[in-house]
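For reference, my_file22.txt (compact mmCIF, N, CA and C atoms):
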```txt
# COMPACT_ATOMS: atom_id res chain seq x y z
N MET A 71 14.31 -12.97 -18.00
CA MET A 71 13.18 -12.18 -17.60
C MET A 71 13.50 -11.49 -16.28
N SER A 72 13.10 -10.24 -16.15
CA SER A 72 13.28 -9.48 -14.92
C SER A 72 11.95 -8.89 -14.51
N ARG A 73 11.79 -8.68 -13.20
CA ARG A 73 10.60 -8.01 -12.69
C ARG A 73 10.94 -7.40 -11.35
N ILE A 74 10.20 -6.39 -10.96
CA ILE A 74 10.36 -5.82 -9.62
C ILE A 74 9.56 -6.69 -8.68
N ALA A 75 10.22 -7.30 -7.71
CA ALA A 75 9.57 -8.23 -6.80
C ALA A 75 9.05 -7.55 -5.54
N LEU A 76 9.85 -6.63 -5.00
CA LEU A 76 9.49 -5.95 -3.75
C LEU A 76 9.76 -4.46 -3.86
N VAL A 77 8.94 -3.69 -3.17
CA VAL A 77 9.17 -2.26 -2.98
C VAL A 77 9.12 -2.02 -1.48
N THR A 78 10.10 -1.34 -0.93
CA THR A 78 10.14 -1.08 0.50
C THR A 78 9.25 0.10 0.84
N LEU A 79 8.46 -0.08 1.88
CA LEU A 79 7.63 0.99 2.43
C LEU A 79 8.04 1.15 3.88
N VAL A 80 8.56 2.32 4.23
CA VAL A 80 9.02 2.57 5.60
C VAL A 80 7.80 2.87 6.47
N VAL A 81 7.70 2.16 7.60
CA VAL A 81 6.54 2.25 8.48
C VAL A 81 7.01 2.52 9.92
N ASP A 82 6.06 2.97 10.75
CA ASP A 82 6.37 3.19 12.17
C ASP A 82 6.35 1.91 12.97
N ASP A 83 5.44 1.01 12.64
CA ASP A 83 5.22 -0.18 13.46
C ASP A 83 4.80 -1.34 12.57
N TYR A 84 5.45 -2.47 12.74
CA TYR A 84 5.13 -3.63 11.90
C TYR A 84 3.67 -4.06 12.04
N ASP A 85 3.22 -4.25 13.27
CA ASP A 85 1.90 -4.84 13.48
C ASP A 85 0.77 -3.94 13.02
N GLU A 86 0.87 -2.62 13.26
CA GLU A 86 -0.19 -1.73 12.78
C GLU A 86 -0.19 -1.68 11.25
N ALA A 87 0.98 -1.74 10.64
CA ALA A 87 1.06 -1.75 9.18
C ALA A 87 0.48 -3.05 8.61
N ILE A 88 0.80 -4.17 9.23
CA ILE A 88 0.24 -5.45 8.78
C ILE A 88 -1.29 -5.40 8.86
N ARG A 89 -1.81 -4.91 9.98
CA ARG A 89 -3.28 -4.82 10.13
C ARG A 89 -3.90 -3.97 9.03
N PHE A 90 -3.31 -2.80 8.76
CA PHE A 90 -3.87 -1.92 7.74
C PHE A 90 -3.86 -2.59 6.37
N TYR A 91 -2.71 -3.11 5.98
CA TYR A 91 -2.61 -3.66 4.63
C TYR A 91 -3.41 -4.94 4.45
N THR A 92 -3.54 -5.74 5.49
CA THR A 92 -4.32 -6.97 5.35
C THR A 92 -5.82 -6.73 5.56
N GLU A 93 -6.18 -5.95 6.57
CA GLU A 93 -7.60 -5.77 6.88
C GLU A 93 -8.25 -4.69 6.04
N ALA A 94 -7.62 -3.53 5.89
CA ALA A 94 -8.24 -2.43 5.16
C ALA A 94 -8.07 -2.55 3.65
N LEU A 95 -6.89 -3.02 3.22
CA LEU A 95 -6.65 -3.11 1.77
C LEU A 95 -6.83 -4.51 1.22
N GLY A 96 -6.95 -5.51 2.07
CA GLY A 96 -7.19 -6.87 1.59
C GLY A 96 -5.96 -7.59 1.09
N PHE A 97 -4.76 -7.10 1.44
CA PHE A 97 -3.54 -7.80 1.07
C PHE A 97 -3.43 -9.05 1.93
N ARG A 98 -2.51 -9.92 1.55
CA ARG A 98 -2.24 -11.08 2.40
C ARG A 98 -0.82 -10.97 2.93
N LEU A 99 -0.64 -11.48 4.13
CA LEU A 99 0.68 -11.50 4.74
C LEU A 99 1.45 -12.67 4.13
N ALA A 100 2.50 -12.37 3.39
CA ALA A 100 3.28 -13.40 2.71
C ALA A 100 4.44 -13.90 3.56
N GLU A 101 5.05 -13.00 4.34
CA GLU A 101 6.18 -13.37 5.18
C GLU A 101 6.20 -12.47 6.41
N ASP A 102 6.60 -13.03 7.53
CA ASP A 102 6.84 -12.27 8.75
C ASP A 102 7.85 -13.06 9.56
N ALA A 103 9.12 -12.72 9.40
CA ALA A 103 10.19 -13.49 10.03
C ALA A 103 11.12 -12.57 10.81
N PRO A 104 11.50 -12.99 12.01
CA PRO A 104 12.45 -12.18 12.79
C PRO A 104 13.83 -12.21 12.13
N ARG A 105 14.55 -11.12 12.32
CA ARG A 105 15.92 -11.03 11.81
C ARG A 105 16.87 -10.89 12.99
N PRO A 106 18.12 -11.27 12.82
CA PRO A 106 19.07 -11.25 13.94
C PRO A 106 19.24 -9.88 14.61
N ASP A 107 19.00 -8.79 13.87
CA ASP A 107 19.20 -7.45 14.43
C ASP A 107 17.98 -6.94 15.20
N GLY A 108 16.95 -7.79 15.37
CA GLY A 108 15.74 -7.39 16.09
C GLY A 108 14.65 -6.84 15.19
N SER A 109 14.96 -6.64 13.93
CA SER A 109 13.93 -6.21 12.99
C SER A 109 13.17 -7.44 12.49
N ARG A 110 12.24 -7.22 11.61
CA ARG A 110 11.48 -8.32 11.01
C ARG A 110 11.47 -8.17 9.50
N TRP A 111 11.37 -9.29 8.80
CA TRP A 111 11.20 -9.31 7.34
C TRP A 111 9.71 -9.52 7.12
N VAL A 112 9.01 -8.42 6.79
CA VAL A 112 7.56 -8.46 6.67
C VAL A 112 7.18 -8.10 5.24
N VAL A 113 6.51 -9.04 4.57
CA VAL A 113 6.10 -8.84 3.18
C VAL A 113 4.59 -9.03 3.09
N VAL A 114 3.92 -8.04 2.49
CA VAL A 114 2.49 -8.15 2.20
C VAL A 114 2.30 -7.99 0.71
N ARG A 115 1.25 -8.63 0.19
CA ARG A 115 1.02 -8.52 -1.25
C ARG A 115 -0.47 -8.57 -1.54
N PRO A 116 -0.88 -7.86 -2.59
CA PRO A 116 -2.27 -7.98 -3.03
C PRO A 116 -2.52 -9.40 -3.52
N GLU A 117 -3.78 -9.79 -3.55
CA GLU A 117 -4.10 -11.10 -4.10
C GLU A 117 -3.61 -11.18 -5.54
N GLY A 118 -3.19 -12.35 -5.95
CA GLY A 118 -2.65 -12.52 -7.30
C GLY A 118 -1.15 -12.30 -7.30
N ASP A 119 -0.57 -12.36 -8.45
CA ASP A 119 0.87 -12.16 -8.59
C ASP A 119 1.18 -10.69 -8.76
N GLY A 120 2.42 -10.37 -8.61
CA GLY A 120 2.85 -8.99 -8.82
C GLY A 120 3.78 -8.55 -7.72
N THR A 121 4.06 -7.28 -7.73
CA THR A 121 4.99 -6.69 -6.79
C THR A 121 4.40 -6.69 -5.39
N ALA A 122 5.24 -7.02 -4.42
CA ALA A 122 4.83 -7.03 -3.01
C ALA A 122 5.50 -5.86 -2.29
N LEU A 123 5.01 -5.57 -1.10
CA LEU A 123 5.59 -4.53 -0.26
C LEU A 123 6.40 -5.15 0.86
N LEU A 124 7.61 -4.67 1.04
CA LEU A 124 8.41 -5.00 2.20
C LEU A 124 8.16 -3.89 3.21
N LEU A 125 7.50 -4.22 4.32
CA LEU A 125 7.21 -3.24 5.36
C LEU A 125 8.43 -3.17 6.28
N ALA A 126 9.14 -2.06 6.23
CA ALA A 126 10.39 -1.90 6.97
C ALA A 126 10.21 -0.84 8.05
N ARG A 127 10.38 -1.23 9.30
CA ARG A 127 10.25 -0.27 10.39
C ARG A 127 11.39 0.74 10.31
N ALA A 128 11.03 2.02 10.43
CA ALA A 128 12.01 3.10 10.34
C ALA A 128 13.06 2.97 11.43
N LYS A 129 14.30 3.22 11.03
CA LYS A 129 15.43 3.23 11.96
C LYS A 129 16.05 4.62 11.91
N GLY A 130 16.08 5.29 13.01
CA GLY A 130 16.73 6.60 13.08
C GLY A 130 15.82 7.72 12.61
N ASP A 131 16.23 8.94 12.93
CA ASP A 131 15.43 10.13 12.64
C ASP A 131 15.21 10.36 11.15
N GLU A 132 16.22 10.10 10.35
CA GLU A 132 16.09 10.35 8.91
C GLU A 132 15.01 9.46 8.29
N GLN A 133 15.00 8.18 8.63
CA GLN A 133 13.97 7.29 8.11
C GLN A 133 12.61 7.62 8.70
N ARG A 134 12.55 7.92 10.01
CA ARG A 134 11.26 8.28 10.62
C ARG A 134 10.66 9.50 9.95
N ALA A 135 11.48 10.43 9.50
CA ALA A 135 10.99 11.63 8.83
C ALA A 135 10.35 11.31 7.48
N ARG A 136 10.68 10.17 6.90
CA ARG A 136 10.15 9.79 5.59
C ARG A 136 8.83 9.01 5.69
N VAL A 137 8.49 8.51 6.85
CA VAL A 137 7.27 7.72 7.00
C VAL A 137 6.08 8.58 6.60
N GLY A 138 5.31 8.09 5.65
CA GLY A 138 4.12 8.79 5.19
C GLY A 138 4.35 9.80 4.10
N ASP A 139 5.59 10.07 3.76
CA ASP A 139 5.88 11.06 2.72
C ASP A 139 7.07 10.59 1.88
N GLN A 140 7.01 9.34 1.47
CA GLN A 140 8.15 8.78 0.74
C GLN A 140 8.26 9.29 -0.68
N THR A 141 7.20 9.93 -1.19
CA THR A 141 7.24 10.42 -2.58
C THR A 141 6.98 11.92 -2.65
N GLY A 142 7.21 12.63 -1.55
CA GLY A 142 7.08 14.09 -1.58
C GLY A 142 5.66 14.57 -1.83
N GLY A 143 4.67 13.81 -1.39
CA GLY A 143 3.28 14.22 -1.55
C GLY A 143 2.61 13.76 -2.83
N ARG A 144 3.35 13.13 -3.71
CA ARG A 144 2.77 12.61 -4.96
C ARG A 144 2.18 11.24 -4.72
N VAL A 145 1.27 10.85 -5.60
CA VAL A 145 0.82 9.46 -5.58
C VAL A 145 2.04 8.62 -5.95
N GLY A 146 2.35 7.67 -5.09
CA GLY A 146 3.54 6.87 -5.32
C GLY A 146 3.26 5.39 -5.52
N PHE A 147 2.00 4.99 -5.28
CA PHE A 147 1.65 3.58 -5.33
C PHE A 147 0.33 3.44 -6.08
N PHE A 148 0.20 2.38 -6.84
CA PHE A 148 -0.96 2.19 -7.71
C PHE A 148 -1.51 0.79 -7.47
N LEU A 149 -2.71 0.73 -6.92
CA LEU A 149 -3.36 -0.54 -6.62
C LEU A 149 -4.42 -0.79 -7.69
N HIS A 150 -4.15 -1.72 -8.58
CA HIS A 150 -5.11 -2.05 -9.65
C HIS A 150 -6.16 -3.01 -9.12
N THR A 151 -7.36 -2.86 -9.64
CA THR A 151 -8.47 -3.72 -9.27
C THR A 151 -9.24 -4.12 -10.52
N ASP A 152 -9.94 -5.24 -10.44
CA ASP A 152 -10.81 -5.64 -11.54
C ASP A 152 -12.26 -5.23 -11.27
N ASP A 153 -12.53 -4.64 -10.10
CA ASP A 153 -13.88 -4.18 -9.75
C ASP A 153 -13.75 -2.97 -8.83
N PHE A 154 -13.69 -1.80 -9.45
CA PHE A 154 -13.47 -0.57 -8.70
C PHE A 154 -14.55 -0.34 -7.65
N ALA A 155 -15.81 -0.45 -8.04
CA ALA A 155 -16.92 -0.17 -7.12
C ALA A 155 -16.86 -1.08 -5.90
N ARG A 156 -16.61 -2.35 -6.11
CA ARG A 156 -16.53 -3.31 -4.99
C ARG A 156 -15.41 -2.94 -4.04
N ASP A 157 -14.21 -2.71 -4.57
CA ASP A 157 -13.06 -2.45 -3.70
C ASP A 157 -13.14 -1.08 -3.05
N HIS A 158 -13.66 -0.10 -3.77
CA HIS A 158 -13.84 1.24 -3.19
C HIS A 158 -14.79 1.16 -2.00
N ALA A 159 -15.92 0.47 -2.16
CA ALA A 159 -16.90 0.33 -1.08
C ALA A 159 -16.30 -0.44 0.11
N ARG A 160 -15.59 -1.51 -0.17
CA ARG A 160 -14.98 -2.32 0.90
C ARG A 160 -13.96 -1.50 1.67
N MET A 161 -13.15 -0.73 0.95
CA MET A 161 -12.12 0.07 1.59
C MET A 161 -12.73 1.20 2.42
N LEU A 162 -13.77 1.84 1.90
CA LEU A 162 -14.46 2.87 2.68
C LEU A 162 -15.01 2.28 3.98
N ALA A 163 -15.64 1.11 3.87
CA ALA A 163 -16.20 0.45 5.05
C ALA A 163 -15.12 0.08 6.06
N ALA A 164 -13.90 -0.16 5.59
CA ALA A 164 -12.79 -0.51 6.47
C ALA A 164 -12.09 0.73 7.04
N GLY A 165 -12.58 1.91 6.68
CA GLY A 165 -12.03 3.14 7.24
C GLY A 165 -10.92 3.78 6.45
N VAL A 166 -10.68 3.33 5.22
CA VAL A 166 -9.64 3.95 4.39
C VAL A 166 -10.08 5.36 4.01
N THR A 167 -9.17 6.31 4.09
CA THR A 167 -9.45 7.71 3.76
C THR A 167 -9.18 7.97 2.29
N PHE A 168 -10.24 8.30 1.56
CA PHE A 168 -10.10 8.71 0.17
C PHE A 168 -10.02 10.22 0.13
N LEU A 169 -9.13 10.75 -0.70
CA LEU A 169 -8.89 12.18 -0.79
C LEU A 169 -9.71 12.85 -1.87
N GLU A 170 -10.49 12.05 -2.60
CA GLU A 170 -11.32 12.58 -3.67
C GLU A 170 -12.44 11.59 -3.96
N GLU A 171 -13.44 12.07 -4.65
CA GLU A 171 -14.50 11.19 -5.14
C GLU A 171 -13.96 10.40 -6.33
N PRO A 172 -14.52 9.23 -6.59
CA PRO A 172 -14.08 8.46 -7.76
C PRO A 172 -14.23 9.28 -9.05
N ARG A 173 -13.26 9.10 -9.92
CA ARG A 173 -13.28 9.74 -11.24
C ARG A 173 -13.27 8.66 -12.31
N HIS A 174 -13.90 8.96 -13.41
CA HIS A 174 -13.92 8.03 -14.55
C HIS A 174 -13.20 8.73 -15.70
N GLU A 175 -11.98 8.32 -15.89
CA GLU A 175 -11.09 8.93 -16.88
C GLU A 175 -10.97 8.00 -18.08
N PRO A 176 -10.44 8.50 -19.21
CA PRO A 176 -10.26 7.62 -20.37
C PRO A 176 -9.43 6.37 -20.06
N TYR A 177 -8.51 6.47 -19.12
CA TYR A 177 -7.64 5.33 -18.78
C TYR A 177 -8.27 4.40 -17.74
N GLY A 178 -9.39 4.82 -17.10
CA GLY A 178 -10.06 3.94 -16.15
C GLY A 178 -10.72 4.68 -15.01
N SER A 179 -11.26 3.93 -14.06
CA SER A 179 -11.87 4.50 -12.85
C SER A 179 -10.79 4.60 -11.79
N VAL A 180 -10.75 5.75 -11.09
CA VAL A 180 -9.65 6.00 -10.17
C VAL A 180 -10.10 6.88 -9.01
N ALA A 181 -9.49 6.69 -7.87
CA ALA A 181 -9.63 7.60 -6.73
C ALA A 181 -8.35 7.50 -5.90
N VAL A 182 -7.91 8.65 -5.41
CA VAL A 182 -6.71 8.71 -4.59
C VAL A 182 -7.10 8.46 -3.13
N PHE A 183 -6.35 7.57 -2.48
CA PHE A 183 -6.54 7.35 -1.05
C PHE A 183 -5.19 7.42 -0.37
N GLN A 184 -5.23 7.48 0.96
CA GLN A 184 -3.96 7.46 1.69
C GLN A 184 -3.92 6.27 2.62
N ASP A 185 -2.70 5.78 2.82
CA ASP A 185 -2.53 4.66 3.75
C ASP A 185 -2.51 5.20 5.18
N LEU A 186 -2.30 4.36 6.14
CA LEU A 186 -2.37 4.78 7.53
C LEU A 186 -1.33 5.81 7.91
N TYR A 187 -0.29 5.98 7.10
CA TYR A 187 0.74 6.96 7.40
C TYR A 187 0.62 8.22 6.56
N GLY A 188 -0.24 8.20 5.55
CA GLY A 188 -0.41 9.38 4.70
C GLY A 188 0.16 9.25 3.31
N ASN A 189 0.83 8.12 2.99
CA ASN A 189 1.30 7.92 1.62
C ASN A 189 0.09 7.89 0.69
N ARG A 190 0.23 8.49 -0.47
CA ARG A 190 -0.87 8.55 -1.43
C ARG A 190 -0.81 7.38 -2.42
N TRP A 191 -1.98 6.82 -2.65
CA TRP A 191 -2.17 5.69 -3.54
C TRP A 191 -3.29 5.99 -4.52
N ASP A 192 -3.23 5.40 -5.71
CA ASP A 192 -4.38 5.36 -6.62
C ASP A 192 -5.02 3.99 -6.51
N LEU A 193 -6.32 3.95 -6.29
CA LEU A 193 -7.10 2.74 -6.54
C LEU A 193 -7.55 2.89 -7.98
N LEU A 194 -7.21 1.94 -8.83
CA LEU A 194 -7.41 2.11 -10.27
C LEU A 194 -7.93 0.84 -10.91
N GLN A 195 -9.04 0.99 -11.62
CA GLN A 195 -9.48 -0.08 -12.51
C GLN A 195 -9.22 0.42 -13.92
N PRO A 196 -8.17 -0.15 -14.56
CA PRO A 196 -7.84 0.31 -15.90
C PRO A 196 -8.98 0.07 -16.88
N ALA A 197 -9.12 0.98 -17.84
CA ALA A 197 -10.10 0.80 -18.89
C ALA A 197 -9.73 -0.42 -19.71
N THR A 198 -10.72 -1.14 -20.19
CA THR A 198 -10.43 -2.29 -21.04
C THR A 198 -10.11 -1.82 -22.44
N ALA A 199 -9.21 -2.51 -23.07
CA ALA A 199 -8.78 -2.12 -24.42
C ALA A 199 -9.83 -2.51 -25.45
```

Will you turn the file into structure tokens for me?
Amino acid sequence: MSRIALVTLVVDDYDEAIRFYTEALGFRLAEDAPRPDGSRWVVVRPEGDGTALLLARAKGDEQRARVGDQTGGRVGFFLHTDDFARDHARMLAAGVTFLEEPRHEPYGSVAVFQDLYGNRWDLLQPATA
């Protein structure tokens, strides 16, 4: 069996990223360990099992240029929920910026939001089969 365990998200600052993902999105901090090179191994994950994010502080100009635009302006991350209305309201109250009003599509309820750096995400409650 294989699965994608981590996806790297390049960030400007570990602590501000941890705050956003844990407080605004409701993720939990799974790991935060110093590394010999002065960086940190920081992993956050949504409640439940699944793919986690490795928050990696940008090193050098090339990586800093990618912060907030890792997918060229496309939605690059998909946060599934079992209660769209609850999570949408909680995220709005936490200051998350939604780029559109919620839509109800054949595949589910969805709205695009951006993280603290501008990366685009879908908040999505898939339609039940």

- Item | Contact residues around A:Gly118 with only N, CA and C atoms at 8 Å, ignoring same-chain residues under 3 positions, as a PyMOL selection string | chain A and resi 98+115+121

- Task: Using DSSP on the backbone coordinates, identify all residues within stretch 99-197 of chain A classified as helix (DSSP H, G or I); present the result as JSON, numbers by chain.
- Result: {"A": [130, 131, 132, 133, 134, 135, 136, 154, 155, 156, 157, 158, 159, 160, 161, 162, 163]}

- Message: Residues proximal to (7.3, 4.5, 8.7) were defined as those with any atom within 6 Å of that point in the file's coordinates, counting all atoms listed in the file. Which are they, as a VMD selection string?
- Response: chain A and resid 79 to 83 127 to 128 134 136 to 138

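Between A:Leu194 and the candidates A:Leu162, A:Ala75, A:Ala155, A:Leu99, the tightest atom-to-atom separation, counting only C-alpha atoms, involves A:Ala155.
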
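Restricting the calculation to only N, CA and C atoms, the smallest distance between A:Phe154 and any of A:Ala122, A:Arg190, A:Asp85, A:Ser179 is found for A:Ser179.
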
- Task: Show me as a list in words the residues that reach within 7 Å of (-8.6, 2.6, 4.9), counting only C-alpha atoms and using the file's own coordinates.
- Result: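 Protein, DNA and RNA residues close to (-8.6, 2.6, 4.9): Ala94, Leu95, Met161, Leu162, Ala164, Gly165, Val166, Thr167 and Asp185 of chain A.
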
- Message: So that I can check the surroundings of stretch 146-153 of chain A, please list as a ChimeraX atom specification every protein, DNA and RNA residue that reaches within 7 Å of it, counting only N, CA and C atoms and ignoring chain neighbours fewer than 6 positions away.
- Response: /A:189-196

- Task: Kindly indicate which residue among A:Phe90, A:Ala159, A:Leu169, A:Gly96 lies nearest to A:Gln184, using all atoms listed in the file for the distances.
- Result: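 Nearest to A:Gln184: A:Leu169.
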
- Item | Atomic distance atom N of A:Ser72 - atom CA of A:Gly120, expressed in Å with one decimal |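 Atom-to-atom, atom N of A:Ser72 and atom CA of A:Gly120 are spaced 12.7 Å apart.
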
- Message: Just the number, please: distance in Å from atom CA of A:Glu86 to atom CA of A:Glu117, one decimal.
- Response: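 According to the coordinates, atom CA of A:Glu86 and atom CA of A:Glu117 are separated by 19.7 Å.
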
Centre and edge lengths of an axis-aligned box around all listed atoms of stretch 195-199 of chain A, with 3 Å added on each side, are to be given in Å to one decimal, as JSON.
```
{"center_x": -9.3, "center_y": -0.8, "center_z": -18.5, "size_x": 8.9, "size_y": 9.5, "size_z": 19.8}
```

- Find the distance between atom CA of A:Leu76 and atom CA of A:Leu124 and write it in Å to one decimal. 6.1 Å

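Minimum distance to A:Glu170 across A:Asp102, A:Phe183, A:Asp131, A:Thr92 (counting all atoms listed in the file) occurs at A:Phe183.
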
Mind completing stretch 111-121 of chain A with all heavy atoms? Output as a short mmCIF file (atom, residue, chain, number, x, y, z; two decimals), keeping the file's coordinate frame, please?
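Listed below is the output, part_21.cif:
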```cif
data_model
loop_
_atom_site.label_atom_id
_atom_site.label_comp_id
_atom_site.auth_asym_id
_atom_site.auth_seq_id
_atom_site.Cartn_x
_atom_site.Cartn_y
_atom_site.Cartn_z
N TRP A 111 11.37 -9.29 8.80
CA TRP A 111 11.20 -9.31 7.34
C TRP A 111 9.71 -9.52 7.12
O TRP A 111 9.20 -10.62 7.29
CB TRP A 111 12.02 -10.44 6.74
CG TRP A 111 11.95 -10.50 5.24
CD1 TRP A 111 11.14 -11.29 4.49
CD2 TRP A 111 12.73 -9.73 4.33
NE1 TRP A 111 11.36 -11.08 3.16
CE2 TRP A 111 12.33 -10.11 3.03
CE3 TRP A 111 13.70 -8.75 4.47
CZ2 TRP A 111 12.88 -9.54 1.88
CZ3 TRP A 111 14.25 -8.20 3.33
CH2 TRP A 111 13.85 -8.60 2.05
N VAL A 112 9.01 -8.42 6.79
CA VAL A 112 7.56 -8.46 6.67
C VAL A 112 7.18 -8.10 5.24
O VAL A 112 7.50 -7.00 4.76
CB VAL A 112 6.87 -7.49 7.65
CG1 VAL A 112 5.36 -7.50 7.46
CG2 VAL A 112 7.24 -7.84 9.09
N VAL A 113 6.51 -9.04 4.57
CA VAL A 113 6.10 -8.84 3.18
C VAL A 113 4.59 -9.03 3.09
O VAL A 113 4.05 -10.03 3.57
CB VAL A 113 6.81 -9.84 2.23
CG1 VAL A 113 6.30 -9.70 0.81
CG2 VAL A 113 8.32 -9.65 2.30
N VAL A 114 3.92 -8.04 2.49
CA VAL A 114 2.49 -8.15 2.20
C VAL A 114 2.30 -7.99 0.71
O VAL A 114 3.09 -7.32 0.04
CB VAL A 114 1.65 -7.10 2.97
CG1 VAL A 114 1.70 -7.34 4.47
CG2 VAL A 114 2.07 -5.68 2.64
N ARG A 115 1.25 -8.63 0.19
CA ARG A 115 1.02 -8.52 -1.25
C ARG A 115 -0.47 -8.57 -1.54
O ARG A 115 -1.21 -9.25 -0.84
CB ARG A 115 1.77 -9.58 -2.03
CG ARG A 115 1.32 -11.00 -1.82
CD ARG A 115 1.99 -12.04 -2.75
NE ARG A 115 2.97 -11.54 -3.66
CZ ARG A 115 4.30 -11.70 -3.52
NH1 ARG A 115 4.77 -12.40 -2.53
NH2 ARG A 115 5.13 -11.22 -4.40
N PRO A 116 -0.88 -7.86 -2.59
CA PRO A 116 -2.27 -7.98 -3.03
C PRO A 116 -2.52 -9.40 -3.52
O PRO A 116 -1.58 -10.13 -3.84
CB PRO A 116 -2.38 -7.00 -4.19
CG PRO A 116 -1.14 -6.18 -4.16
CD PRO A 116 -0.11 -6.95 -3.40
N GLU A 117 -3.78 -9.79 -3.55
CA GLU A 117 -4.10 -11.10 -4.10
C GLU A 117 -3.61 -11.18 -5.54
O GLU A 117 -3.63 -10.19 -6.26
CB GLU A 117 -5.61 -11.37 -4.04
CG GLU A 117 -6.11 -11.58 -2.63
CD GLU A 117 -5.45 -12.75 -1.91
OE1 GLU A 117 -5.15 -13.78 -2.54
OE2 GLU A 117 -5.20 -12.61 -0.70
N GLY A 118 -3.19 -12.35 -5.95
CA GLY A 118 -2.65 -12.52 -7.30
C GLY A 118 -1.15 -12.30 -7.30
O GLY A 118 -0.52 -12.07 -6.28
N ASP A 119 -0.57 -12.36 -8.45
CA ASP A 119 0.87 -12.16 -8.59
C ASP A 119 1.18 -10.69 -8.76
O ASP A 119 0.32 -9.88 -9.02
CB ASP A 119 1.39 -12.94 -9.81
CG ASP A 119 1.38 -14.44 -9.57
OD1 ASP A 119 1.49 -14.86 -8.41
OD2 ASP A 119 1.26 -15.18 -10.56
N GLY A 120 2.42 -10.37 -8.61
CA GLY A 120 2.85 -8.99 -8.82
C GLY A 120 3.78 -8.55 -7.72
O GLY A 120 4.23 -9.32 -6.88
N THR A 121 4.06 -7.28 -7.73
CA THR A 121 4.99 -6.69 -6.79
C THR A 121 4.40 -6.69 -5.39
O THR A 121 3.23 -6.40 -5.19
CB THR A 121 5.31 -5.25 -7.22
OG1 THR A 121 5.81 -5.29 -8.56
CG2 THR A 121 6.35 -4.61 -6.32
#
```
